[in-house]
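Source file: target.txt. Holds: compact mmCIF, N, CA and C atoms.
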```
# COMPACT_ATOMS: atom_id res chain seq x y z
N MET A 1348 15.36 4.30 43.99
CA MET A 1348 14.57 4.58 42.79
C MET A 1348 15.24 3.94 41.57
N THR A 1349 14.40 3.62 40.63
CA THR A 1349 14.92 3.05 39.39
C THR A 1349 15.35 4.18 38.45
N ILE A 1350 16.02 3.79 37.42
CA ILE A 1350 16.51 4.79 36.46
C ILE A 1350 15.33 5.50 35.79
N THR A 1351 14.28 4.75 35.50
CA THR A 1351 13.11 5.34 34.84
C THR A 1351 12.45 6.39 35.72
N THR A 1352 12.24 6.08 36.98
CA THR A 1352 11.60 7.06 37.86
C THR A 1352 12.51 8.25 38.11
N GLU A 1353 13.81 8.04 38.20
CA GLU A 1353 14.73 9.17 38.36
C GLU A 1353 14.67 10.08 37.13
N TRP A 1354 14.62 9.47 35.96
CA TRP A 1354 14.56 10.26 34.73
C TRP A 1354 13.25 11.05 34.65
N LEU A 1355 12.13 10.39 35.00
CA LEU A 1355 10.85 11.08 34.98
C LEU A 1355 10.80 12.21 35.99
N LEU A 1356 11.35 11.98 37.18
CA LEU A 1356 11.38 13.02 38.21
C LEU A 1356 12.22 14.20 37.76
N ALA A 1357 13.36 13.94 37.15
CA ALA A 1357 14.21 15.02 36.65
C ALA A 1357 13.52 15.80 35.55
N ALA A 1358 12.81 15.11 34.67
CA ALA A 1358 12.10 15.79 33.59
C ALA A 1358 10.99 16.65 34.16
N TRP A 1359 10.27 16.15 35.16
CA TRP A 1359 9.20 16.91 35.77
C TRP A 1359 9.74 18.15 36.47
N ARG A 1360 10.85 18.01 37.19
CA ARG A 1360 11.44 19.15 37.89
C ARG A 1360 11.92 20.22 36.92
N SER A 1361 12.44 19.81 35.77
CA SER A 1361 12.94 20.80 34.82
C SER A 1361 11.79 21.60 34.21
N ARG A 1362 10.60 21.01 34.06
CA ARG A 1362 9.45 21.71 33.49
C ARG A 1362 8.61 22.42 34.54
N ALA A 1363 8.72 22.01 35.79
CA ALA A 1363 7.83 22.53 36.83
C ALA A 1363 8.08 24.01 37.11
N HIS A 1364 9.28 24.48 36.95
CA HIS A 1364 9.60 25.86 37.31
C HIS A 1364 9.69 26.80 36.11
N GLN A 1365 9.37 26.29 34.93
CA GLN A 1365 9.39 27.14 33.75
C GLN A 1365 8.05 27.84 33.61
N PRO A 1366 8.06 29.13 33.37
CA PRO A 1366 6.79 29.83 33.17
C PRO A 1366 6.15 29.37 31.86
N ARG A 1367 4.86 29.25 31.90
CA ARG A 1367 4.15 28.83 30.70
C ARG A 1367 3.97 30.02 29.76
N ARG A 1368 4.21 29.77 28.50
CA ARG A 1368 4.07 30.81 27.50
C ARG A 1368 2.61 30.91 27.11
N ARG A 1369 2.10 32.11 27.13
CA ARG A 1369 0.71 32.31 26.74
C ARG A 1369 0.59 32.31 25.22
N SER A 1370 -0.51 31.77 24.74
CA SER A 1370 -0.76 31.77 23.30
C SER A 1370 -1.22 33.17 22.89
N THR A 1371 -0.64 33.65 21.85
CA THR A 1371 -1.05 34.95 21.34
C THR A 1371 -2.00 34.73 20.16
N ARG A 1372 -2.63 35.79 19.75
CA ARG A 1372 -3.56 35.71 18.62
C ARG A 1372 -2.84 35.24 17.36
N ALA A 1373 -1.60 35.69 17.18
CA ALA A 1373 -0.83 35.30 16.00
C ALA A 1373 -0.54 33.79 16.02
N ASP A 1374 -0.31 33.23 17.22
CA ASP A 1374 -0.07 31.79 17.31
C ASP A 1374 -1.30 31.00 16.93
N LEU A 1375 -2.46 31.49 17.31
CA LEU A 1375 -3.69 30.76 17.08
C LEU A 1375 -4.23 30.93 15.66
N GLU A 1376 -3.86 31.98 14.95
CA GLU A 1376 -4.37 32.22 13.61
C GLU A 1376 -3.88 31.18 12.61
N GLY A 1377 -2.74 30.54 12.89
CA GLY A 1377 -2.25 29.50 11.99
C GLY A 1377 -3.12 28.26 12.02
N ASP A 1378 -3.86 28.06 13.09
CA ASP A 1378 -4.72 26.89 13.22
C ASP A 1378 -6.15 27.15 12.81
N ARG A 1379 -6.42 28.34 12.35
CA ARG A 1379 -7.79 28.69 11.97
C ARG A 1379 -8.25 27.81 10.81
N GLY A 1380 -9.42 27.24 10.94
CA GLY A 1380 -9.97 26.41 9.88
C GLY A 1380 -9.60 24.94 9.99
N GLU A 1381 -8.74 24.57 10.93
CA GLU A 1381 -8.35 23.17 11.06
C GLU A 1381 -9.53 22.29 11.43
N GLY A 1382 -10.39 22.77 12.31
CA GLY A 1382 -11.55 21.98 12.72
C GLY A 1382 -12.53 21.77 11.58
N VAL A 1383 -12.72 22.80 10.79
CA VAL A 1383 -13.65 22.70 9.66
C VAL A 1383 -13.14 21.69 8.64
N ILE A 1384 -11.85 21.73 8.38
CA ILE A 1384 -11.27 20.79 7.42
C ILE A 1384 -11.38 19.36 7.94
N SER A 1385 -11.10 19.16 9.22
CA SER A 1385 -11.18 17.83 9.81
C SER A 1385 -12.60 17.29 9.75
N VAL A 1386 -13.56 18.14 10.04
CA VAL A 1386 -14.96 17.71 9.99
C VAL A 1386 -15.36 17.39 8.56
N ALA A 1387 -14.92 18.18 7.61
CA ALA A 1387 -15.25 17.92 6.21
C ALA A 1387 -14.68 16.58 5.75
N ILE A 1388 -13.47 16.28 6.16
CA ILE A 1388 -12.86 14.99 5.80
C ILE A 1388 -13.65 13.85 6.44
N ALA A 1389 -14.03 14.01 7.71
CA ALA A 1389 -14.81 12.98 8.40
C ALA A 1389 -16.16 12.77 7.71
N VAL A 1390 -16.80 13.85 7.29
CA VAL A 1390 -18.10 13.74 6.61
C VAL A 1390 -17.95 13.01 5.28
N LEU A 1391 -16.89 13.32 4.54
CA LEU A 1391 -16.66 12.63 3.27
C LEU A 1391 -16.41 11.14 3.47
N ILE A 1392 -15.63 10.81 4.48
CA ILE A 1392 -15.37 9.39 4.77
C ILE A 1392 -16.67 8.68 5.12
N MET A 1393 -17.48 9.31 5.95
CA MET A 1393 -18.76 8.69 6.33
C MET A 1393 -19.69 8.55 5.13
N ALA A 1394 -19.66 9.53 4.22
CA ALA A 1394 -20.50 9.45 3.02
C ALA A 1394 -20.06 8.28 2.14
N PHE A 1395 -18.76 8.11 1.95
CA PHE A 1395 -18.27 6.99 1.15
C PHE A 1395 -18.61 5.66 1.81
N LEU A 1396 -18.47 5.58 3.13
CA LEU A 1396 -18.83 4.35 3.83
C LEU A 1396 -20.32 4.06 3.69
N GLY A 1397 -21.15 5.09 3.80
CA GLY A 1397 -22.58 4.92 3.64
C GLY A 1397 -22.95 4.46 2.24
N ALA A 1398 -22.31 5.04 1.24
CA ALA A 1398 -22.57 4.63 -0.15
C ALA A 1398 -22.15 3.18 -0.37
N ALA A 1399 -21.01 2.80 0.16
CA ALA A 1399 -20.55 1.42 0.02
C ALA A 1399 -21.50 0.45 0.72
N MET A 1400 -21.98 0.84 1.90
CA MET A 1400 -22.92 -0.02 2.61
C MET A 1400 -24.23 -0.13 1.84
N TRP A 1401 -24.68 0.95 1.24
CA TRP A 1401 -25.93 0.92 0.48
C TRP A 1401 -25.80 -0.01 -0.73
N VAL A 1402 -24.69 0.07 -1.44
CA VAL A 1402 -24.47 -0.80 -2.60
C VAL A 1402 -24.44 -2.26 -2.14
N GLY A 1403 -23.76 -2.52 -1.04
CA GLY A 1403 -23.72 -3.89 -0.50
C GLY A 1403 -25.09 -4.37 -0.08
N PHE A 1404 -25.86 -3.50 0.55
CA PHE A 1404 -27.21 -3.87 0.99
C PHE A 1404 -28.10 -4.16 -0.21
N GLN A 1405 -28.02 -3.32 -1.23
CA GLN A 1405 -28.84 -3.53 -2.43
C GLN A 1405 -28.50 -4.87 -3.09
N SER A 1406 -27.21 -5.18 -3.18
CA SER A 1406 -26.78 -6.43 -3.78
C SER A 1406 -27.28 -7.62 -2.96
N MET A 1407 -27.16 -7.51 -1.64
CA MET A 1407 -27.62 -8.57 -0.76
C MET A 1407 -29.14 -8.74 -0.88
N TRP A 1408 -29.86 -7.63 -0.96
CA TRP A 1408 -31.32 -7.68 -1.05
C TRP A 1408 -31.76 -8.37 -2.35
N GLU A 1409 -31.12 -8.03 -3.46
CA GLU A 1409 -31.47 -8.65 -4.74
C GLU A 1409 -31.18 -10.14 -4.71
N THR A 1410 -30.05 -10.54 -4.16
CA THR A 1410 -29.71 -11.96 -4.07
C THR A 1410 -30.71 -12.71 -3.20
N THR A 1411 -31.04 -12.12 -2.06
CA THR A 1411 -31.99 -12.75 -1.15
C THR A 1411 -33.37 -12.86 -1.80
N SER A 1412 -33.77 -11.83 -2.49
CA SER A 1412 -35.08 -11.83 -3.15
C SER A 1412 -35.16 -12.91 -4.22
N SER A 1413 -34.12 -13.03 -5.04
CA SER A 1413 -34.14 -14.04 -6.10
C SER A 1413 -34.10 -15.45 -5.53
N LYS A 1414 -33.30 -15.67 -4.50
CA LYS A 1414 -33.25 -17.00 -3.87
C LYS A 1414 -34.59 -17.36 -3.23
N THR A 1415 -35.22 -16.38 -2.60
CA THR A 1415 -36.53 -16.64 -1.98
C THR A 1415 -37.56 -16.97 -3.04
N SER A 1416 -37.56 -16.23 -4.13
CA SER A 1416 -38.50 -16.51 -5.23
C SER A 1416 -38.28 -17.90 -5.79
N ASN A 1417 -37.03 -18.30 -5.97
CA ASN A 1417 -36.72 -19.64 -6.48
C ASN A 1417 -37.22 -20.71 -5.52
N GLN A 1418 -37.02 -20.52 -4.24
CA GLN A 1418 -37.47 -21.51 -3.25
C GLN A 1418 -39.00 -21.62 -3.23
N VAL A 1419 -39.67 -20.47 -3.30
CA VAL A 1419 -41.14 -20.47 -3.31
C VAL A 1419 -41.64 -21.18 -4.57
N ASP A 1420 -41.01 -20.94 -5.72
CA ASP A 1420 -41.41 -21.60 -6.96
C ASP A 1420 -41.21 -23.11 -6.87
N GLN A 1421 -40.10 -23.55 -6.23
CA GLN A 1421 -39.83 -24.98 -6.10
C GLN A 1421 -40.85 -25.65 -5.18
N ILE A 1422 -41.26 -24.92 -4.13
CA ILE A 1422 -42.23 -25.48 -3.19
C ILE A 1422 -43.61 -25.56 -3.85
N GLY A 1423 -43.89 -24.66 -4.75
CA GLY A 1423 -45.18 -24.68 -5.43
C GLY A 1423 -46.04 -23.53 -5.03
N GLY A 1424 -45.43 -22.39 -4.87
CA GLY A 1424 -46.18 -21.20 -4.49
C GLY A 1424 -46.96 -20.65 -5.66
N PRO A 1425 -47.57 -19.50 -5.49
CA PRO A 1425 -48.45 -18.91 -6.53
C PRO A 1425 -47.74 -18.57 -7.82
```

Whole structure, structure tokens version:
Amino acid sequence: MTITTEWLLAAWRSRAHQPRRRSTRADLEGDRGEGVISVAIAVLIMAFLGAAMWVGFQSMWETTSSKTSNQVDQIGGP
């Protein structure tokens, strides 16, 4: 065996026979609200990205509209 596999095997053996500690209500109360905060941050990030995309789209639309109007005028449109 290589040193890496020996080390991994030793680490696994040391954890395999340890009893798992059960989470108590007091342990879990410290994490209360973490999911709500994470979702709120994600929603804010998505809102800012959406607003930035909308501003970019509006700018692109105005540029495209003016260029199209100029081309139609040069061709001799109405």

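With atom N of A:Val1419 on one side and atom C of A:Ala1398 on the other, the separation reads 29.6 Å.
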
(request) One decimal, Å: what's the distance from atom C of A:Arg1379 over to atom C of A:Gly1397, could you say? (result)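 Atom-to-atom, atom C of A:Arg1379 to atom C of A:Gly1397, that is 28.9 Å.
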
(message) Using Å and a single decimal, report how far atom N of A:Gln1418 sits from atom N of A:Val1402.
(response) 24.2 Å
